[in-house]
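A.B. asks: Structure file coords.cif, mmCIF, C-alpha atoms and all ligand atoms, is pasted below:
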```
data_data
#
loop_
_atom_site.label_atom_id
_atom_site.label_comp_id
_atom_site.auth_asym_id
_atom_site.auth_seq_id
_atom_site.Cartn_x
_atom_site.Cartn_y
_atom_site.Cartn_z
CA MET G 276 24.64 -3.88 -15.36
CA SER G 277 21.73 -5.28 -13.34
CA VAL G 278 19.00 -3.00 -12.04
CA LEU G 279 16.71 -3.92 -9.16
CA ASN G 280 13.05 -3.89 -10.12
CA ILE G 281 11.23 -2.55 -7.06
CA ALA G 282 7.43 -2.90 -7.00
CA HIS G 283 6.31 0.41 -5.55
CA ARG G 284 3.74 -0.08 -2.74
CA GLY G 285 3.47 -3.55 -4.29
CA ALA G 286 2.55 -3.62 -7.98
CA ARG G 287 0.17 -0.77 -7.36
CA SER G 288 -0.81 -0.25 -10.99
CA LEU G 289 -2.50 -3.66 -10.86
CA ALA G 290 -3.74 -4.03 -7.27
CA PRO G 291 -4.65 -1.85 -4.26
CA GLU G 292 -1.41 -0.30 -2.99
CA ASN G 293 0.23 -1.43 0.23
CA THR G 294 -1.90 -4.57 0.56
CA LEU G 295 -0.63 -8.14 0.49
CA LEU G 296 -2.54 -8.51 -2.80
CA ALA G 297 -0.30 -5.83 -4.34
CA ALA G 298 2.75 -7.56 -2.89
CA GLU G 299 1.59 -10.90 -4.33
CA LYS G 300 1.19 -9.25 -7.73
CA GLY G 301 4.70 -7.79 -7.61
CA LEU G 302 6.10 -11.15 -6.67
CA ALA G 303 4.20 -12.91 -9.47
CA LEU G 304 5.50 -10.33 -11.96
CA GLY G 305 9.08 -11.10 -10.99
CA ALA G 306 10.04 -7.90 -9.14
CA ASP G 307 13.25 -8.21 -7.11
CA LEU G 308 11.66 -6.60 -4.07
CA TRP G 309 8.67 -4.54 -3.07
CA GLU G 310 8.32 -1.24 -1.31
CA LEU G 311 5.86 -0.44 1.48
CA ASP G 312 5.17 2.48 3.82
CA VAL G 313 4.87 2.22 7.58
CA ALA G 314 2.51 4.18 9.81
CA VAL G 315 1.77 3.95 13.55
CA THR G 316 -1.72 3.41 15.00
CA LEU G 317 -3.27 4.92 18.14
CA ASP G 318 -2.31 1.81 20.10
CA GLY G 319 1.27 1.85 18.82
CA GLU G 320 0.94 -0.88 16.21
CA LEU G 321 2.86 -0.70 12.92
CA VAL G 322 0.70 -0.85 9.81
CA VAL G 323 1.32 -0.57 6.08
CA LEU G 324 -0.13 2.68 4.74
CA HIS G 325 1.16 5.56 2.63
CA ASP G 326 -0.98 8.57 3.53
CA ASP G 327 -1.28 10.23 6.94
CA THR G 328 -5.03 9.78 6.57
CA LEU G 329 -7.22 6.83 5.66
CA GLU G 330 -9.71 8.34 3.28
CA ARG G 331 -8.05 7.79 -0.11
CA THR G 332 -7.43 4.07 0.22
CA SER G 333 -10.26 2.78 2.42
CA ASN G 334 -13.97 3.11 3.16
CA VAL G 335 -13.28 4.93 6.43
CA ALA G 336 -15.55 7.89 5.55
CA ALA G 337 -18.52 5.53 5.35
CA VAL G 338 -17.69 3.47 8.44
CA PHE G 339 -16.48 6.25 10.75
CA PRO G 340 -17.98 9.49 9.29
CA GLU G 341 -17.57 11.35 12.59
CA ARG G 342 -13.82 10.72 12.80
CA ARG G 343 -12.80 13.17 10.07
CA PRO G 344 -9.97 13.92 9.09
CA TRP G 345 -9.30 10.21 9.64
CA SER G 346 -5.66 10.50 10.67
CA VAL G 347 -4.24 7.00 10.92
CA TRP G 348 -2.67 7.60 14.32
CA THR G 349 -6.13 8.35 15.84
CA PHE G 350 -7.37 4.83 15.03
CA ALA G 351 -6.62 1.62 16.93
CA LEU G 352 -5.58 -1.42 14.93
CA ALA G 353 -8.87 -3.18 15.77
CA GLU G 354 -10.73 -0.27 14.17
CA LEU G 355 -8.54 -0.32 11.07
CA ARG G 356 -9.29 -4.01 10.72
CA GLN G 357 -12.97 -3.15 10.20
CA LEU G 358 -12.11 -1.23 7.03
CA ASP G 359 -11.93 -2.25 3.39
CA PHE G 360 -8.62 -1.23 1.77
CA GLY G 361 -9.34 -2.89 -1.57
CA SER G 362 -12.65 -1.80 -3.12
CA TRP G 363 -11.50 1.77 -3.87
CA TYR G 364 -9.09 0.40 -6.47
CA ALA G 365 -11.85 -0.76 -8.86
CA GLU G 366 -13.88 2.40 -8.22
CA LYS G 367 -11.01 4.82 -8.89
CA ASP G 368 -8.97 2.72 -11.32
CA PRO G 369 -5.91 4.83 -10.39
CA PHE G 370 -3.71 3.72 -13.32
CA SER G 371 -6.52 3.01 -15.84
CA GLN G 372 -5.50 -0.64 -15.80
CA VAL G 373 -9.04 -1.85 -15.12
CA ARG G 374 -10.28 0.02 -18.19
CA ALA G 375 -7.36 -1.40 -20.16
CA GLY G 376 -8.45 -4.92 -19.25
CA ALA G 377 -5.20 -5.67 -17.39
CA VAL G 378 -7.02 -6.68 -14.20
CA SER G 379 -9.36 -9.67 -14.33
CA ALA G 380 -12.85 -9.82 -12.85
CA GLY G 381 -11.60 -12.52 -10.49
CA GLU G 382 -8.82 -10.27 -9.23
CA LEU G 383 -11.20 -7.35 -8.72
CA ALA G 384 -13.48 -9.62 -6.69
CA ARG G 385 -10.55 -10.58 -4.47
CA PHE G 386 -9.69 -6.93 -3.81
CA LYS G 387 -13.01 -6.31 -2.05
CA GLY G 388 -12.54 -6.15 1.70
CA ALA G 389 -8.74 -6.35 1.57
CA PRO G 390 -7.40 -5.66 5.08
CA ILE G 391 -4.67 -3.23 6.00
CA PRO G 392 -1.57 -5.36 6.67
CA THR G 393 0.42 -5.00 9.84
CA LEU G 394 4.15 -4.61 9.23
CA ARG G 395 4.62 -8.02 10.85
CA GLU G 396 2.25 -9.64 8.35
CA ALA G 397 3.98 -7.88 5.45
CA LEU G 398 7.40 -9.03 6.63
CA GLU G 399 6.21 -12.59 7.25
CA PHE G 400 4.76 -12.65 3.73
CA THR G 401 8.07 -11.40 2.33
CA ARG G 402 10.13 -13.92 4.27
CA SER G 403 7.84 -16.83 3.39
CA HIS G 404 8.57 -16.18 -0.29
CA GLN G 405 12.32 -15.62 0.24
CA TRP G 406 11.70 -12.13 -1.11
CA ARG G 407 12.99 -8.68 -0.15
CA VAL G 408 11.37 -5.42 0.86
CA ASN G 409 12.16 -1.72 1.17
CA ILE G 410 10.38 -0.44 4.28
CA GLU G 411 9.80 3.30 4.16
CA ILE G 412 9.23 4.76 7.60
CA LYS G 413 6.84 7.68 7.16
CA ASP G 414 7.57 10.73 9.25
CA ALA G 415 5.52 10.43 12.45
CA ALA G 416 6.58 13.88 13.74
CA HIS G 417 3.83 15.54 15.79
CA THR G 418 2.34 12.17 16.70
CA PRO G 419 3.15 9.91 19.68
CA GLY G 420 4.67 7.33 17.30
CA ASP G 421 7.62 9.63 16.59
CA ALA G 422 9.25 8.56 19.85
CA PHE G 423 9.43 4.85 19.07
CA VAL G 424 8.61 4.02 15.43
CA VAL G 425 12.23 3.55 14.32
CA GLU G 426 13.19 1.30 17.20
CA LYS G 427 10.00 -0.73 16.81
CA VAL G 428 10.53 -1.29 13.08
CA ALA G 429 14.20 -2.19 13.59
CA GLY G 430 13.27 -4.51 16.46
CA LEU G 431 10.76 -6.36 14.31
CA VAL G 432 13.24 -6.79 11.46
CA LYS G 433 15.72 -8.29 13.92
CA GLU G 434 13.12 -10.48 15.67
CA LEU G 435 12.10 -11.96 12.30
CA ASP G 436 15.75 -12.41 11.36
CA MET G 437 15.33 -10.45 8.15
CA LEU G 438 18.40 -8.25 8.04
CA ASP G 439 19.37 -9.72 4.67
CA ARG G 440 15.92 -9.09 3.20
CA VAL G 441 15.24 -5.51 4.24
CA ILE G 442 16.23 -1.95 3.33
CA LEU G 443 14.95 0.74 5.71
CA SER G 444 14.41 4.18 4.17
CA SER G 445 12.96 7.51 5.20
CA PHE G 446 12.77 11.14 4.17
CA ASN G 447 13.40 11.84 7.87
CA HIS G 448 17.18 11.48 8.06
CA ASP G 449 17.20 11.50 11.85
CA TYR G 450 15.23 8.27 11.57
CA ILE G 451 17.92 6.82 9.29
CA LYS G 452 20.58 7.62 11.89
CA ARG G 453 18.41 6.12 14.63
CA VAL G 454 18.12 2.86 12.67
CA LYS G 455 21.90 2.52 12.81
CA THR G 456 21.87 3.13 16.55
CA ALA G 457 19.24 0.38 16.93
CA ASP G 458 21.27 -2.02 14.77
CA ALA G 459 24.35 -0.99 12.78
CA ASP G 460 23.88 -3.90 10.34
CA ILE G 461 20.48 -2.90 8.99
CA VAL G 462 20.79 -1.59 5.44
CA THR G 463 19.42 1.94 5.14
CA ALA G 464 18.62 4.45 2.42
CA ALA G 465 18.28 8.22 2.57
CA LEU G 466 15.22 9.38 0.64
CA VAL G 467 15.31 12.87 -0.87
CA ASP G 468 12.58 14.79 -2.65
CA GLN G 469 14.93 17.55 -3.88
CA PRO G 470 18.54 16.87 -4.96
CA ALA G 471 20.95 16.79 -2.02
CA PRO G 472 23.74 19.39 -2.45
CA ASP G 473 26.29 16.63 -1.82
CA PRO G 474 24.71 13.15 -1.88
CA VAL G 475 27.89 11.35 -0.80
CA ALA G 476 28.28 13.67 2.20
CA LEU G 477 24.64 12.99 3.09
CA LEU G 478 25.26 9.24 3.00
CA GLU G 479 28.38 9.58 5.12
CA LYS G 480 26.52 11.72 7.64
CA THR G 481 23.50 9.42 7.91
CA GLY G 482 25.42 6.15 7.63
CA ALA G 483 23.10 5.03 4.82
CA GLN G 484 24.08 2.59 2.07
CA ALA G 485 21.81 4.03 -0.62
CA TYR G 486 20.74 7.37 -2.02
CA ASN G 487 17.03 7.27 -2.96
CA PRO G 488 16.28 10.33 -5.09
CA ASN G 489 13.18 11.55 -6.87
CA GLY G 490 13.68 10.54 -10.52
CA LYS G 491 12.41 13.92 -11.70
CA PHE G 492 15.53 15.72 -10.52
CA LEU G 493 18.23 13.15 -11.09
CA ASP G 494 21.12 13.51 -13.53
CA GLU G 495 23.72 11.09 -14.84
CA LYS G 496 26.66 12.83 -13.17
CA THR G 497 25.10 12.35 -9.74
CA VAL G 498 24.37 8.68 -10.41
CA ARG G 499 27.94 8.04 -11.55
CA ALA G 500 29.45 9.93 -8.59
CA VAL G 501 27.35 8.16 -5.95
CA ARG G 502 27.96 4.75 -7.51
CA ALA G 503 31.71 5.43 -7.82
CA ALA G 504 31.79 6.24 -4.10
CA GLY G 505 30.45 2.73 -3.42
CA TYR G 506 26.81 3.52 -2.68
CA ASP G 507 23.60 2.40 -4.34
CA VAL G 508 21.19 4.72 -6.13
CA LEU G 509 17.55 3.63 -5.91
CA VAL G 510 15.35 5.99 -7.89
CA TRP G 511 11.63 6.67 -7.35
CA THR G 512 9.00 6.54 -8.82
CA VAL G 513 9.46 5.96 -12.53
CA ASN G 514 6.80 4.53 -14.82
CA GLU G 515 7.43 5.71 -18.37
CA GLU G 516 9.39 3.37 -20.60
CA ALA G 517 11.67 6.12 -22.02
CA ASP G 518 12.60 7.26 -18.48
CA LEU G 519 13.24 3.70 -17.34
CA ARG G 520 15.58 3.18 -20.28
CA VAL G 521 17.59 6.33 -19.52
CA LEU G 522 18.04 5.37 -15.87
CA MET G 523 19.18 1.89 -16.87
CA GLU G 524 21.79 3.46 -19.15
CA TRP G 525 22.99 5.74 -16.36
CA GLY G 526 23.68 2.70 -14.21
CA VAL G 527 21.28 3.21 -11.30
CA SER G 528 21.13 0.32 -8.81
CA GLY G 529 17.35 0.05 -8.71
CA ILE G 530 14.10 1.67 -9.74
CA PHE G 531 10.85 1.97 -7.80
CA THR G 532 8.02 1.59 -10.29
CA ASP G 533 4.27 1.17 -10.21
CA PHE G 534 4.71 -0.95 -13.36
CA PRO G 535 7.21 -3.71 -12.52
CA GLN G 536 5.80 -5.61 -15.51
CA ARG G 537 7.12 -2.82 -17.79
CA LEU G 538 10.57 -2.70 -16.21
CA ASN G 539 10.94 -6.46 -16.36
CA ARG G 540 10.23 -6.38 -20.07
CA LEU G 541 12.97 -3.77 -20.57
CA LEU G 542 15.33 -5.87 -18.49
CA GLY G 543 14.66 -8.75 -20.89
CA ARG G 544 13.15 -11.00 -18.26
O1 LIG G 601 10.48 5.01 -1.47
C1 LIG G 601 10.22 5.62 -2.68
C2 LIG G 601 8.89 6.31 -2.73
O2 LIG G 601 7.93 5.43 -2.21
C3 LIG G 601 8.86 7.60 -1.96
O3 LIG G 601 7.70 8.35 -2.19
O4 LIG G 601 5.49 9.25 -1.66
O5 LIG G 601 5.66 7.14 -2.90
O6 LIG G 601 6.24 7.21 -0.49
P1 LIG G 601 6.22 7.96 -1.78
CA CA G 602 6.97 5.03 -0.16
#
```
Write the structure described by the file as structure tokens, please.
Ligand code: G3P
Ligand code: CA

C.D. replies:
Amino acid sequence: MSVLNIAHRGARSLAPENTLLAAEKGLALGADLWELDVAVTLDGELVVLHDDTLERTSNVAAVFPERRPWSVWTFALAELRQLDFGSWYAEKDPFSQVRAGAVSAGELARFKGAPIPTLREALEFTRSHQWRVNIEIKDAAHTPGDAFVVEKVAGLVKELDMLDRVILSSFNHDYIKRVKTADADIVTAALVDQPAPDPVALLEKTGAQAYNPNGKFLDEKTVRAVRAAGYDVLVWTVNEEADLRVLMEWGVSGIFTDFPQRLNRLLGR
């Protein structure tokens, strides 16, 4: 049975997460699709970022020290464009891949000054390579973006004619329902951090096509039941070879991994 190899935040073990450089790496490694996270800026633009704040993955503390706690939604896109979202990777070596010699000096040099991508740029990159992407809409509750983020993301996917290349997911299941109201044909996935009491009922209620559980709490029975009901199971975020093997045996539809190179090897590619 085939398993989708999903490069989590791009191939983030080998490049700064959620940049086009990480996406390029995932593509070069042969991942079937990549995953990115969407946040909303002060001026209502959609950007690719995981955290609510900018500190971990940029030099914002040095450039805008007075703007602590550096919440993304308090910055305009033009301000975000002044920041470097790449240099932190070499400094922090988050997966010890620099130390292991898996990242070349040339690659590290390219990471310096990497810009935050807009969602439009990320989608255009994906489309230009006939690739696919899982867009995770981060919960924008308590920020102005909450009112429009879903409709804006769905609108962009439609404008770029990418319905066949996109899965929209969120931990906020109201967002998942709103996607379907914006366009019933967009493929969606319900993310869960804890096991849903009844995953199939959750999918029926939200109208989603996939159940995206935390791999830590998944069991074979759940995978088999969800798959037998005609839905996909896309598991996050799994990096250890033994865990990847077990999930493949259970028949999951796809795996989000920071190491798409590892999963591809197990898939015999
Ligand atoms: O979409 C799967 C995974 O990305 C969800 O968790 O925290 O990495 O966004 P997180
Ligand atoms: Ca994510």

A.B. asks: Name the residues, by chain letter and number, that sit within 10 Å of ligand LIG 601 (chain G) using only C-alpha atoms and all ligand atoms, and give them as a PyMOL selection string.

C.D. replies: chain G and resi 281-284+309-313+324-326+409-413+443-446+464-468+487-490+509-513+530-533

A.B. asks: Quick one: everything within 12 Å of Ala422 (chain G), counting all atoms listed in the file, minus sequence neighbours fewer than 6 positions away in the same chain. Send it as an MDAnalysis selection string.

C.D. replies: chainID G and resid 315 319 414:416 449:450 453

A.B. asks: Near Leu289 (chain G), counting only C-alpha atoms, which residues have an atom at most 9 Å away, once you skip same-chain residues fewer than 3 positions from it, shown as a ChimeraX atom specification?

C.D. replies: /G:285-286,292,297,300-301,364,370,372-373,377-378,533-534

A.B. asks: Here is a test: counting only C-alpha atoms, which residue of G:His417, G:Leu317, G:Ser288, G:Glu354 is nearest to Pro369 (chain G)?

C.D. replies: G:Ser288

A.B. asks: Which residue is closest to ligand CA 602 (chain G)? Choose from G:Thr497, G:Ser379, G:Ser277, G:Asn293 and count all atoms listed in the file.

C.D. replies: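 Once distances to ligand CA 602 (chain G) are computed over all atoms listed in the file, the minimum belongs to G:Asn293.
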
A.B. asks: Find the spatial neighbours of Phe350 (chain G), counting only C-alpha atoms, within a cut-off of 6 Å - ignore same-chain residues fewer than 2 positions away - and output them as number ranges by chain.

C.D. replies: G: 316-317, 347-348

A.B. asks: Which residues, protein or nucleic acid, reach to within 10 Å of (-8.0, 15.4, 10.0) in the file's coordinates when using all atoms listed in the file, and can you give that as number ranges by chain?

C.D. replies: G: 327-330, 342-347, 349

A.B. asks: So which one's closest to Thr418 (chain G), G:Ala517, G:Val475, G:Ala397, G:Ala314? Using only C-alpha atoms, please.

C.D. replies: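 Smallest distance to Thr418 (chain G) is found for G:Ala314.
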
A.B. asks: Choose the residue, out of G:Leu308, G:Val323, G:Ala476, G:Val508, that has the smallest atom-to-atom separation from ligand CA 602 (chain G); count all atoms listed in the file.

C.D. replies: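 Result for the nearest residue to ligand CA 602 (chain G): G:Val323.
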
A.B. asks: Using only C-alpha atoms, which residues sit within 12 Å of Arg540 (chain G) once same-chain residues fewer than 4 positions away are excluded, as JSON, numbers by chain?

C.D. replies: {"G": [280, 304, 305, 306, 516, 519, 520, 534, 535, 536, 544]}

A.B. asks: Identify which of the residues G:Glu479, G:Val408, G:Glu434, G:Arg374 lies closest to ligand CA 602 (chain G), counting only C-alpha atoms and all ligand atoms when measuring atom-to-atom distances.

C.D. replies: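 Among G:Glu479, G:Val408, G:Glu434, G:Arg374, it is G:Val408 that comes nearest to ligand CA 602 (chain G).
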
A.B. asks: Using all atoms listed in the file, find the one residue out of G:Ala337, G:Leu352, G:Leu321, G:Ala471 that sits nearest to Asp421 (chain G).

C.D. replies: G:Leu321

A.B. asks: Please identify all polymer residues within 8 Å of region 389-396 of chain G, counting only C-alpha atoms, omitting same-chain residues fewer than 4 positions from it, and present them as a VMD selection string.

C.D. replies: chain G and resid 293 to 296 313 320 to 324 355 to 362 385 400 431

A.B. asks: In Å, with one decimal, what is the gap from CA of Leu522 (chain G) to CA of Thr463 (chain G)?

C.D. replies: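 That distance, rounded to one decimal, is 21.3 Å.
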
A.B. asks: CA of Leu279 (chain G) and CA of Ser528 (chain G), how far apart in Å?

C.D. replies: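 Calculated distance between CA of Ser528 (chain G) and CA of Leu279 (chain G) is 6.1 Å.
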
A.B. asks: So how far away is CA of Val425 (chain G) from CA of Ala457 (chain G), in Å?

C.D. replies: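 One can read the CA of Ala457 (chain G) to CA of Val425 (chain G) distance as 8.1 Å.
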